[in-house]
Structure formats: C-alpha cells, structure tokens
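Undergrad: Got a structure here, written out as structure tokens. Questions coming.
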Amino acid sequence: MSAALPLHQTPSATASIHALASAKVGFRALVSRGPESLTPGATARAAYATVAVSRDPQFATLEDADVEYFKGVLGERGVITDPDAVGAANVDWMGKYKGNSKLLLRPTTTRHVADVLKYCNERRLAVVPQGGNTGLVGGSVPVFDEIILSLAGMNKIISFDEVSGILDCEAGCILESLDTFLADRGFAMPLDLGAKGSCQIGGNVSTNAGGIRLLRYGSLHGSVLGLEVVLVDGTVVDMTRALRKDNTGYDLKQLFIGAEGTLGVVTRVVLLAPPRSPSVHVALLGCSSFDAVQRVFCESRRHLGEVLSAAEFFDSNSLRMVLKHNEGTRDPLPDGAYPFYVLIETSGSQAEHDRAKLDAFLESVMEEGVVDDGTVAHDSTQAAAIWHLREGVAEALQRAGAVYKYDLSVPVKDLYALVEEMRTRLEGSAAEVVGYGHLGDGNLHLNISAPTYDDKLLERIEPFVYEWVAGRQGSVSAEHGLGLMKANAIHYSKAPHAVAVMKRVKTLFDPHGILNPYKLLPSP
Amino acid sequence: MSMNPFCEIAVEEAIRLKEKGAIKEVVAVSLGVQQCQDTLRTALAMGADRAVLVKVEPAQEEALEPLIVAKLLKGIAVKETADLVFLGKQAIDDDCNQTGQMLAALLDWPQATFASKVVLDAAAKSALVTREVDDGLETVSIKLPAVITTDLRLNEPRYATLPNIMKAKKKPIAVLSPSDLGLDLADPASRRVQVVQVKEPPQRVGGRILQSVDELLDKLKNEAKVL
C-alpha cells in the first residue's frame with residue numbers, strides 16, 4: 001500500500017492524504033503476506049489496535065537449543081522462561097498491547113548483548129529491546145513471540161565529570177535514579193517526564209523522549225554526546241567520546257536517537273547534564289480561553305526569558321480526571337472553575353532575582369486580564385502538588401477506563417481547536433475528551449476516555465485525528481514515537497520518498513529485520 | 001525559606017476564624033533573620049492582616065531556643081493585646097514541642113495543644129478544642145485569652161491566590177528587635193540549652209538472608225550482641 005507517486009515529485013500533504021485515502025481500507029485491514037497469514041493463530045489484533053499485522057514467516061521459532069545457547073552466554077539468571085515473569089514483560093504499561101513471547105533475556109554487559117544479537121540474527125529470531133516498558137505506542141513489547149531483550153540489568157553509572165557535567169552510564173539506568181545521583185552533585189538530567197520512576201535512559205534515547213523540560217534544555221538530539229550501540233551482527237559501535245564538540249565524520253549516533261530500537265540496541269549513553277538550579281518557582285494560572293493561554297505563554301517568554309523552564313497546560317476536564325482518580329489531590333483554585341490551567345515554572349540561580357521576574361510577569365498578566373486567578377507555590381510541597389496535577393493526568397485516565405491517546409504537534413494557535421472539534425464529533429457518545437500538553441513546544445496530548453474500548457468510537461476518531469493534523473502540516477507523533485500503534489501512520493507527517501530512504505537505512509542496519517519488527521515503519 | 005508546616009496550619013486556622021467572623025484581626029509573627037520576611041509574606045498572602053518580625057542577627061539565631069521564643073512571643077501578645085495565640089505544635093527542625101506550652105505558662109493563660117478541631121465562641125470568650133492524644137481524642141473547654149497549638153489534621157492550608165499575593169506586598173511588616181521586648185540574646189545567662197552534638201544516625205546496613213537457625217543464633221550472639 002505504498003503511495004504511487006513519482007519519486008521526483010514532492011508531495012503535498014493533501015496528495016499524501018489522497019494517496020492514503022485510496023488505501024484507507026488497507027490502513028485498517030490486514031497487511032497480508034498471503035493466505036497462510038489468515039490462519040487464526042497467526043494474526044494478532046489487540047483490543048483496540050488500529051494496525052493488524054500477521055507474523056512474519058521468515059522469523060524462526062524459539063527452540064530448546066536456542067535457550068541453551070543463551071544460558072551459556074548470560075548464565076541461568078539471565079535467561080527467564082517463567083511464564084509469569086515473561087508474561088509481565090509481554091504487556092505494556094497501559095495494558096493495551098500484549099505479546100506472546102516465551103523468553104525474556106537479561107544481559108548485564110555489552111558483550112552479552114552483542115553475542116545475543118549476533119546469534120539471533122544468524123538464527124533469524126526476532127528481538128524486542130525493552131527498557132522501562134513505559135512507552136505509549138506499543139513499541140516496547142512483542143507483537144508475537146519475539147524474544148524480549150531487557151536492558152534492566154545494565155544499570156551502572158560509569159562516570160560523571162563535575163566540571164563539564166558529562167554523565168556516562170549504562171542504558172538500563174532509571175531516569176529518576178540518574179537525576180537523584182546528579183542532584184547530589186548539583187546537576188540535573190536534561191529531561192523529565194511522568195514515567196521518570198520507571199523509564200530507562202536507553203529507552204529515552206531510543207524514543208528521543210521529550211517531556212516537560214524540553215523547552216529549557218532542548219531535545220536529546222542535543223544533549224546526547226555519545227552512544228554505544230550494538231548492531232545485529234554483533235558489532236559494538238563505540239561512539240562514546242565525551243566531547244561537547246566533535247565534527248569528525250557523519251554523526252551516526254543521531255540515527256539511533258529516536259529509532260525505537262529498530263536499528264541497533266543502545267547499551268551506553270553519554271549525556272550532558274545542566275547545573276541544577278537552586279531556585280525553582282511554580283505558578284498555576286487559570287484562564288478562560290485558549291487565546292488567553294497563548295497570551296500567557298508569550299508574556300512568560302517575554303518576562304521570564306532565560307529562567308523559564310516549563311510551560312504546560314491542561315483543560316478543566318483533565319483537572320477533573322486527576323481530582324477524581326488520583327488520591328491526595330486537591331484543586332489549588334477552588335473558588336473558580338477555569339476552562340484552562342497553565343503551569344509556569346522558572347529555574348534559576350538566584351531566588352530573589354527569579355521571584356522579582358515572576359512577580360512582574362504575574363502582575364502583567366493579571367492586569368491584562370488574560371489570567372483570571374492563579375497561585376504561586378510557596379514551598380516545594382506545593383510545587384510538587386501542582387506538578388502532579390499536570391503529570392498525573394495520564395495515570396488518572398488509566399484508572400478511568402479505556403483511553404485513546406494521541407500525541408500531536410501542531411502550530412500553537414491551533415493546539416486546542418482539535419480538542420474542541422473532537423468533542424463535537426463525539427457528542428452523544430460516552431466518551432470524554434481531554435486536552436493537555438507542552439504549551440511551549442506546540443505539543444498536544446489529546447486523550448479520549450471511554451468506559452471500554454469500542455471500535456465504533458475508534459472509527460469516529462481515526463483517521464480524522466491524523467488527517468486533521470496532516471492538513472496543518474503537523475506531526476502525528478510529537479514525542480511518543482510510532483511503535484506499533486502508528487506504524488502505518490508515518491505518511492501523515494513524512495513524504496513517501498523520505499520514508500523510502502528510511503527503509504533503505506533500516507535494511508542497511510538490519511537486513512533480516514529482526515530488531516523490533518512490525519514497529520515504526522510501515523510494513524511493505 | 002518555607003513556613004513550618006504546623007505553623008502554616010495555625011495561620012490557616014486563624015484566617016478561617018476571621019472569615020467566619022469569630023475574630024477581628026490576624027497578626028502573623030516570625031522570629032529570626034531578615035529572610036523570615038518571606039514566610040511572613042506568605043502568611044499575609046494567605047490572608048493575615050499584618051505581620052511582625054522580631055529580627056535577630058544571623059550570629060544570634062542559635063539563641064532562639066523555645067523559652068526565649070516564648071518570652072519574646074509573650075512580649076508581643078501583651079503588646080498586641082491578643083485574645084488568642086495560635087502556634088504550630090512543634091517546629092520540624094528541632095521537634096521541641098515546648099514553645100506553646102511555655103508561652104501559656106508565662107502568660108498564665110489556658111492552653112490546648114495538638115488541636116485537631118477548634119470551635120470558638122467569641123461572645124462567651126471561650127473555645128472548645130479537640131486534641132489528638134495518645135489514647136485518642138480529648139475535648140477541652142478553655143476560656144480566652146488562650147494559647148492553642150495546631151496538629152496535622154486541623155485543616156489543609158490554602159494556596160495563596162494571585163490577587164492576595166499582590167495585596168500582601170502592601171501589607172505592613174513591623175520589625176522589632178529582642179531588646180524592644182526587654183530581652184538581651186547576647187547575655188549568656190538567658191540561655192538554658194546548649195547543643196552538645198548533632199550527628200546523623202549510623203548508616204543503615206542492608207539485611208542478609210541466613211541459611212539456618214544456627215547461623216541466626218551465631219549472628220545474634222556474636223555480631224548483634226543481643227543474646
């Protein structure tokens with residue numbers, strides 16, 4: 001179902017949509033490899049998945065001899081066949097995607113990873129690299145019986161240089177642990193997201209994770225200085241020189257950042273950590289329109305400048321979800337109901353200076369009338385409570401029932417329009433539409449909460465959501481990646497010839513396609 | 001610098017009583033270095049009407065032991081002709097839980113400590129206070145003027161909202177010195193407490209899994225030395 005466009009023509013978004021529309025049936029239907037793939041056991045379809053795939057017959061099936069080999073490489077403790085343990089690794093955080101792997105491997109060294117991959121490549125055994133398994137697009141769990149290669153056992157901090165702020169660590173280190181380690185030394189991780197207690201840095205790198213600090217510290221493409229990656233043939237590509245500037249040759253590591261484990265397995269990360277700001281202020285502001293929200297953001301940039309470290313928003317539906325489903329939460333502005341809440345955070349080196357800037361900003365937005373009310377956290381407990389209102393939405397939605405999650409980049413002025421259109425579209429159904437996200441980055445998290453997964457509901461949502469975003473030259477996956485969920489949606493945001501080049505890169509690095517198959521790129 | 005959590009509860013309770021009309025004015029008091037003004041601004045932003053800082057030089061901060069704080073607060077309570085003094089039950093840095101009780105004794109006022117509920121009868125000039133005690137809850141009736149110290153479950157302090165934060169900037173903070181209240185912190189005779197040593201508890205060693213009861217007995221006898 002590739003778009004049949006001549007390679008020399010640059011397709012417009014509409015052309016891509018039309019090309020896709022002609023294959024619309026194919027988008028939701030089985031991408032079949034022939035009649036044999038239609039046998040019941042060979043077809044995987046999760047409860048609400050929008051991509052149905054069949055198991056690639058060129059992959060081998062696990063045999064006892066394979067398990068014995070792995071035991072020889074990793075030791076007994078590194079090879080897990082216990083159904084309960086493997087079962088847990090087969091399911092993603094949302095409980096939406098469930099694979100059927102029979103084997104979980106836990107290497108503790110890069111050599112282990114190299115030996116495992118080389119063997120799997122020769123045997124044509126498919127492999128899913130797995131970090132903290134907190135991804136939201138089904139990219140971290142098997143679709144069928146792929147072997148799960150967990151990096152959790154590789155969690156050592158190798159070194160940290162307190163002058164340059166350069167951190168060198170193994171891929172299995174948990175983000176929050178790294179941040180705690182750095183905090184003790186006056187530094188911070190350049191990224192922060194809700195999953196910090198479980199996600200691993202290797203996974204963060206492989207998904208080019210964004211989060212709430214991207215506004216201030218930029219993306220991982222900038223803060224990752226080096227990587228060690230293992231390729232399918234067992235080659236260990238060492239790109240770990242800890243240098244801020246190094247223009248010698250192609251910057252290969254960039255390919256692996258965001259490749260979602262489809263080009264190689266990241267085993268070691270060298271990262272530039274910024275100094276930790278001693279003075280942090282958090283303000284929560286209530287606004288009555290999205291126009292006001294945008295004005296607040298503009299003012300925050302103007303007044304707060306270099307100390308602005310986060311600009312997030314969430315709507316009243318989001319707040320209601322959090323107050324209802326998350327324990328220990330309360331509304332900081334109980335005297336009013338605001339359609340929108342904006343969270344502004346400043347991080348700087350001097351409390352008085354930052355507070356003065358924040359006060360000037362607050363006075364300005366109050367006077368202009370763009371903010372109806374708000375509060376400033378007066379200690380770290382209040383600051384954490386306010387952050388939880390924003391970071392806890394995903395958790396609250398999980399508790400509420402079924403949730404359809406969309407992560408979109410659109411021009412900031414259009415950010416909320418999609419939420420309103422979706423609400424109108426789903427009027428009359430049991431679904432509740434919730435909108436929140438990274439205001440400063442133009443990244444909307446559109447979530448539709450329903451009592452249960454329902455294909456009829458899904459049909460009202462997709463492909464409308466993708467087409468809406470494509471029509472505004474946006475991204476159908478701002479930070480979550482494509483995984484399994486959007487493996488066939490890349491055409492909404494990337495031209496066909498670009499995708500064709502990506503496929504050539506994939507073939508170059510992984511000729512047999514054993515690394516995280518069925519993910520990221522559309523099936524041929 | 002942030003407000004002691006129990007004191008925050010005290011400020012909140014006072015403001016709620018004012019909102020109910022049971023009291024006329026809330027004065028927030030802090031004792032310490034210049035920076036304590038930040039916590040007083042927070043109290044003003046929450047709704048206190050005025051604030052008083054008993055300013056102490058950094059070198060003399062150590063002298064602010066419970067009895068001295070109680071004496072300074074007595075001076076203020078008398079000066080302000082207060083009917084009610086709310087304090088947090090203890091400060092979370094020294095965990096003394098003494099100041100409120102000493103203050104009541106110095107003033108010769110009734111006290112109700114560890115309050116989890118306060119019902120004020122302004123007309124009758126009395127209060128019904130429920131206290132959290134080891135056995136459960138105890139309710140006492142006290143006549144005003146009185147001292148009340150607050151416990152965790154008394155209330156959940158509000159977030160200060162922007163209009164109030166702005167207004168707070170204009171509310172007055174009077175600055176006094178200990179000598180204005182008749183105390184000389186530099187005088188060694190005024191001190192009752194001397195900090196001899198502050199040390200961290202011993203590092204927690206990880207647990208070990210033992211293989212047999214004999215091994216357990218051996219460890220209890222020879223390592224832990226408890227048998």
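Following the order of the structure tokens, chains are lettered A, B, ..., residues in each are numbered from 1, and ligands are numbered from 1.
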Taking only C-alpha atoms into account, report as an MDAnalysis selection string which residues of chain A lie within 7 Å of chain B.
TA: chainID A and resid 332 373:375 378:379
Undergrad: Take the residues that were just selected and, keeping C-alpha atoms, output them as an mmCIF file, in the first residue's frame.
TA:
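The resulting file, part.cif, is reproduced below:
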```cif
data_model
loop_
_atom_site.group_PDB
_atom_site.id
_atom_site.type_symbol
_atom_site.label_atom_id
_atom_site.label_comp_id
_atom_site.auth_asym_id
_atom_site.auth_seq_id
_atom_site.Cartn_x
_atom_site.Cartn_y
_atom_site.Cartn_z
ATOM 1 C CA PRO A 332 -5.490 24.884 44.238
ATOM 2 C CA ASP A 373 -6.699 33.761 39.013
ATOM 3 C CA GLY A 374 -3.690 31.748 39.985
ATOM 4 C CA THR A 375 -1.323 30.731 42.716
ATOM 5 C CA HIS A 378 5.310 28.819 48.418
ATOM 6 C CA ASP A 379 7.298 25.682 49.124
#
```
Undergrad: When you look at Ala186 (chain B) with a cut-off of 12 Å (counting only C-alpha atoms), what residues show up, excluding the ones that are within fewer than 6 positions of it in the same chain? I need them as a PyMOL selection string.
TA: chain B and resi 56-57+59-64+68+178-179
Undergrad: At a cut-off of 10 Å, using only C-alpha atoms, what residues contact Lys89 (chain B)? Leave out same-chain residues fewer than 2 positions from it and give the result as a list in words.
TA: Pro5, Phe6, Cys7, Ile9, Ala10, Phe86, Leu87, Ala91, Ile92, Asp95, Cys96, Asn97, Gln98, Thr99, Gly100, Gln101, Thr113, Phe114, Ala115, Ile148, Thr149, Thr150, Asp151 and Leu152 of chain B
Undergrad: With a distance cut-off of 7 Å and only C-alpha atoms, select the neighbouring residues of Val119 (chain B), excluding the residue or stretch itself and same-chain residues fewer than 6 positions from it, and output the selection as a PyMOL selection string.
TA: chain B and resi 127-129
Undergrad: Restrict the selected residues to all heavy atoms and save them as a short mmCIF file (atom, residue, chain, number, x, y, z; two decimals), in the first residue's frame.
TA:
```cif
data_model
loop_
_atom_site.label_atom_id
_atom_site.label_comp_id
_atom_site.auth_asym_id
_atom_site.auth_seq_id
_atom_site.Cartn_x
_atom_site.Cartn_y
_atom_site.Cartn_z
N ALA B 127 -13.39 28.63 74.05
CA ALA B 127 -13.19 27.77 72.89
C ALA B 127 -13.29 26.31 73.30
O ALA B 127 -12.91 25.94 74.42
CB ALA B 127 -11.83 28.04 72.27
N LEU B 128 -13.81 25.51 72.36
CA LEU B 128 -13.89 24.08 72.57
C LEU B 128 -12.87 23.46 71.62
O LEU B 128 -12.98 23.61 70.40
CB LEU B 128 -15.31 23.62 72.20
CG LEU B 128 -15.84 22.36 72.88
CD1 LEU B 128 -15.92 22.56 74.39
CD2 LEU B 128 -17.23 22.01 72.34
N VAL B 129 -11.84 22.83 72.20
CA VAL B 129 -10.76 22.33 71.35
C VAL B 129 -10.64 20.83 71.48
O VAL B 129 -10.56 20.30 72.60
CB VAL B 129 -9.42 23.00 71.74
CG1 VAL B 129 -8.30 22.48 70.84
CG2 VAL B 129 -9.51 24.52 71.66
#
```
Undergrad: For a quick check of understanding, using only C-alpha atoms, which of A:Val128, A:Val230, A:Cys173, A:Val143 has the smallest distance to Val53 (chain A)?
TA: A:Val143
Undergrad: Could you jot down the CA of Leu323 (chain A) to CA of Gly428 (chain A) separation for me, Å, one decimal place?
TA: 24.2 Å
Undergrad: I want to know what sits within 6 Å of Ser116 (chain B), based on only C-alpha atoms, with residues of the same chain fewer than 2 positions away left out; could you give that as a ChimeraX atom specification?
TA: /B:130-131,151,153-154
Undergrad: For the selection just defined, write its residues with all heavy atoms to a file, as an mmCIF file, in the first residue's frame.
TA:
```cif
data_model
loop_
_atom_site.group_PDB
_atom_site.id
_atom_site.type_symbol
_atom_site.label_atom_id
_atom_site.label_comp_id
_atom_site.auth_asym_id
_atom_site.auth_seq_id
_atom_site.Cartn_x
_atom_site.Cartn_y
_atom_site.Cartn_z
ATOM 1 N N THR B 130 -10.613 20.135 70.366
ATOM 2 C CA THR B 130 -10.381 18.693 70.375
ATOM 3 C C THR B 130 -8.891 18.468 70.179
ATOM 4 O O THR B 130 -8.294 19.018 69.255
ATOM 5 C CB THR B 130 -11.170 18.022 69.234
ATOM 6 O OG1 THR B 130 -12.536 18.407 69.340
ATOM 7 C CG2 THR B 130 -11.057 16.508 69.327
ATOM 8 N N ARG B 131 -8.314 17.655 71.041
ATOM 9 C CA ARG B 131 -6.877 17.434 70.988
ATOM 10 C C ARG B 131 -6.579 16.003 70.584
ATOM 11 O O ARG B 131 -7.301 15.080 70.975
ATOM 12 C CB ARG B 131 -6.250 17.691 72.364
ATOM 13 C CG ARG B 131 -6.601 19.013 73.008
ATOM 14 C CD ARG B 131 -6.002 19.053 74.406
ATOM 15 N NE ARG B 131 -4.561 18.827 74.347
ATOM 16 C CZ ARG B 131 -3.883 18.021 75.165
ATOM 17 N NH1 ARG B 131 -4.527 17.342 76.095
ATOM 18 N NH2 ARG B 131 -2.582 17.884 75.051
ATOM 19 N N ASP B 151 -2.252 20.706 65.316
ATOM 20 C CA ASP B 151 -1.751 19.415 64.851
ATOM 21 C C ASP B 151 -2.145 19.211 63.392
ATOM 22 O O ASP B 151 -2.944 19.982 62.844
ATOM 23 C CB ASP B 151 -2.282 18.295 65.752
ATOM 24 C CG ASP B 151 -1.322 17.119 65.821
ATOM 25 O OD1 ASP B 151 -0.632 16.833 64.820
ATOM 26 O OD2 ASP B 151 -1.234 16.482 66.888
ATOM 27 N N ARG B 153 -4.093 17.335 61.518
ATOM 28 C CA ARG B 153 -5.428 17.146 60.955
ATOM 29 C C ARG B 153 -6.388 18.312 61.199
ATOM 30 O O ARG B 153 -7.571 18.198 60.906
ATOM 31 C CB ARG B 153 -6.048 15.844 61.483
ATOM 32 C CG ARG B 153 -5.609 14.637 60.657
ATOM 33 C CD ARG B 153 -5.755 13.334 61.448
ATOM 34 N NE ARG B 153 -4.618 13.154 62.337
ATOM 35 C CZ ARG B 153 -3.479 12.552 61.996
ATOM 36 N NH1 ARG B 153 -3.339 12.066 60.790
ATOM 37 N NH2 ARG B 153 -2.482 12.452 62.858
ATOM 38 N N LEU B 154 -5.867 19.423 61.707
ATOM 39 C CA LEU B 154 -6.756 20.543 61.996
ATOM 40 C C LEU B 154 -7.347 21.115 60.715
ATOM 41 O O LEU B 154 -8.536 21.397 60.629
ATOM 42 C CB LEU B 154 -5.996 21.621 62.777
ATOM 43 C CG LEU B 154 -6.756 22.909 63.111
ATOM 44 C CD1 LEU B 154 -8.012 22.600 63.903
ATOM 45 C CD2 LEU B 154 -5.869 23.864 63.898
#
```
Undergrad: What residues in chain B get the DSSP label helix (DSSP H, G or I)? Please answer as a ChimeraX atom specification.
TA: /B:5-20,34-46,58-63,66-79,99-107,152-154,162-168,178-181,188-190,213-222
Undergrad: Any chance you can output those residues with C-alpha atoms as a short mmCIF file (atom, residue, chain, number, x, y, z; two decimals), in the first residue's frame?
TA:
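And here is the file that came out, part.cif:
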```cif
data_model
loop_
_atom_site.label_atom_id
_atom_site.label_comp_id
_atom_site.auth_asym_id
_atom_site.auth_seq_id
_atom_site.Cartn_x
_atom_site.Cartn_y
_atom_site.Cartn_z
CA PRO B 5 4.05 23.03 58.17
CA PHE B 6 2.34 23.14 61.59
CA CYS B 7 2.63 26.92 61.66
CA GLU B 8 1.04 27.02 58.22
CA ILE B 9 -1.90 25.13 59.69
CA ALA B 10 -2.02 27.67 62.53
CA VAL B 11 -2.15 30.59 60.07
CA GLU B 12 -4.87 28.83 58.07
CA GLU B 13 -6.98 28.23 61.16
CA ALA B 14 -6.72 31.85 62.24
CA ILE B 15 -7.73 33.06 58.80
CA ARG B 16 -10.70 30.69 58.69
CA LEU B 17 -11.88 32.01 62.05
CA LYS B 18 -11.58 35.56 60.75
CA GLU B 19 -13.55 34.60 57.63
CA LYS B 20 -16.25 33.16 59.89
CA GLN B 34 15.75 39.19 57.79
CA GLN B 35 14.77 36.43 55.35
CA CYS B 36 11.90 35.41 57.61
CA GLN B 37 10.03 38.19 55.85
CA ASP B 38 9.42 35.67 53.04
CA THR B 39 7.40 33.44 55.32
CA LEU B 40 5.55 36.45 56.69
CA ARG B 41 4.66 37.48 53.12
CA THR B 42 3.27 34.00 52.61
CA ALA B 43 1.14 34.38 55.74
CA LEU B 44 -0.05 37.78 54.50
CA ALA B 45 -0.82 36.28 51.09
CA MET B 46 -2.92 33.62 52.78
CA PRO B 58 22.49 35.57 61.96
CA ALA B 59 25.07 35.18 64.71
CA GLN B 60 22.33 35.09 67.32
CA GLU B 61 19.96 32.73 65.56
CA GLU B 62 21.11 29.90 67.79
CA ALA B 63 19.87 31.79 70.83
CA PRO B 66 11.98 27.60 72.99
CA LEU B 67 11.98 29.53 76.28
CA ILE B 68 13.41 32.65 74.67
CA VAL B 69 10.94 32.44 71.79
CA ALA B 70 8.17 32.03 74.34
CA LYS B 71 9.34 35.12 76.24
CA LEU B 72 9.51 37.17 73.03
CA LEU B 73 6.06 36.00 72.00
CA LYS B 74 4.74 36.91 75.43
CA GLY B 75 6.01 40.43 74.87
CA ILE B 76 4.16 40.59 71.54
CA ALA B 77 0.97 39.03 72.84
CA VAL B 78 0.85 41.64 75.60
CA LYS B 79 1.77 44.49 73.26
CA THR B 99 7.16 26.88 72.93
CA GLY B 100 3.37 26.91 73.04
CA GLN B 101 3.23 25.35 76.47
CA MET B 102 5.90 27.69 77.88
CA LEU B 103 4.14 30.69 76.39
CA ALA B 104 0.88 29.75 78.08
CA ALA B 105 2.67 29.36 81.41
CA LEU B 106 4.45 32.73 81.09
CA LEU B 107 1.18 34.47 80.22
CA LEU B 152 -1.75 17.94 61.35
CA ARG B 153 -5.43 17.15 60.96
CA LEU B 154 -6.76 20.54 62.00
CA LEU B 162 -2.71 35.89 42.95
CA PRO B 163 -4.86 38.85 44.00
CA ASN B 164 -3.97 38.11 47.62
CA ILE B 165 -0.30 37.66 46.78
CA MET B 166 -0.39 41.12 45.17
CA LYS B 167 -2.26 42.66 48.12
CA ALA B 168 0.20 41.11 50.55
CA PRO B 178 14.61 41.46 71.06
CA SER B 179 15.70 44.45 73.14
CA ASP B 180 12.41 46.20 72.22
CA LEU B 181 10.76 43.35 74.10
CA PRO B 188 24.70 34.04 78.33
CA ALA B 189 22.57 33.94 81.46
CA SER B 190 19.47 33.99 79.26
CA VAL B 213 18.69 -21.19 62.70
CA ASP B 214 22.22 -21.96 63.97
CA GLU B 215 23.59 -19.20 61.80
CA LEU B 216 20.93 -16.86 63.20
CA LEU B 217 21.86 -17.69 66.77
CA ASP B 218 25.50 -17.18 66.00
CA LYS B 219 24.88 -13.76 64.46
CA LEU B 220 22.58 -12.64 67.27
CA LYS B 221 25.18 -13.65 69.83
CA ASN B 222 28.40 -12.56 68.20
#
```
Undergrad: Please return as a ChimeraX atom specification: the residues of region 437-499 of chain A that backbone DSSP assigns to strand (DSSP E or B).
TA: /A:437-438,443-450,475,477
Undergrad: Would you write out those residues with C-alpha atoms, as a PDB file, in the first residue's frame?
TA:
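Written output follows (again_33.pdb):
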```
ATOM      1  CA  GLY A 437       0.317  19.185  26.896  1.00  0.00           C
ATOM      2  CA  HIS A 438       3.526  21.060  26.400  1.00  0.00           C
ATOM      3  CA  ASN A 443       2.615  19.527  21.632  1.00  0.00           C
ATOM      4  CA  LEU A 444      -0.945  18.464  22.399  1.00  0.00           C
ATOM      5  CA  HIS A 445      -1.820  15.285  24.267  1.00  0.00           C
ATOM      6  CA  LEU A 446      -5.316  14.545  23.101  1.00  0.00           C
ATOM      7  CA  ASN A 447      -6.942  11.764  25.091  1.00  0.00           C
ATOM      8  CA  ILE A 448     -10.351  10.247  24.705  1.00  0.00           C
ATOM      9  CA  SER A 449     -11.591   8.451  27.771  1.00  0.00           C
ATOM     10  CA  ALA A 450     -14.340   5.867  27.428  1.00  0.00           C
ATOM     11  CA  SER A 475       3.207  15.668  13.411  1.00  0.00           C
ATOM     12  CA  SER A 477       3.560  11.748  16.948  1.00  0.00           C
TER      13      SER A 477
END
```
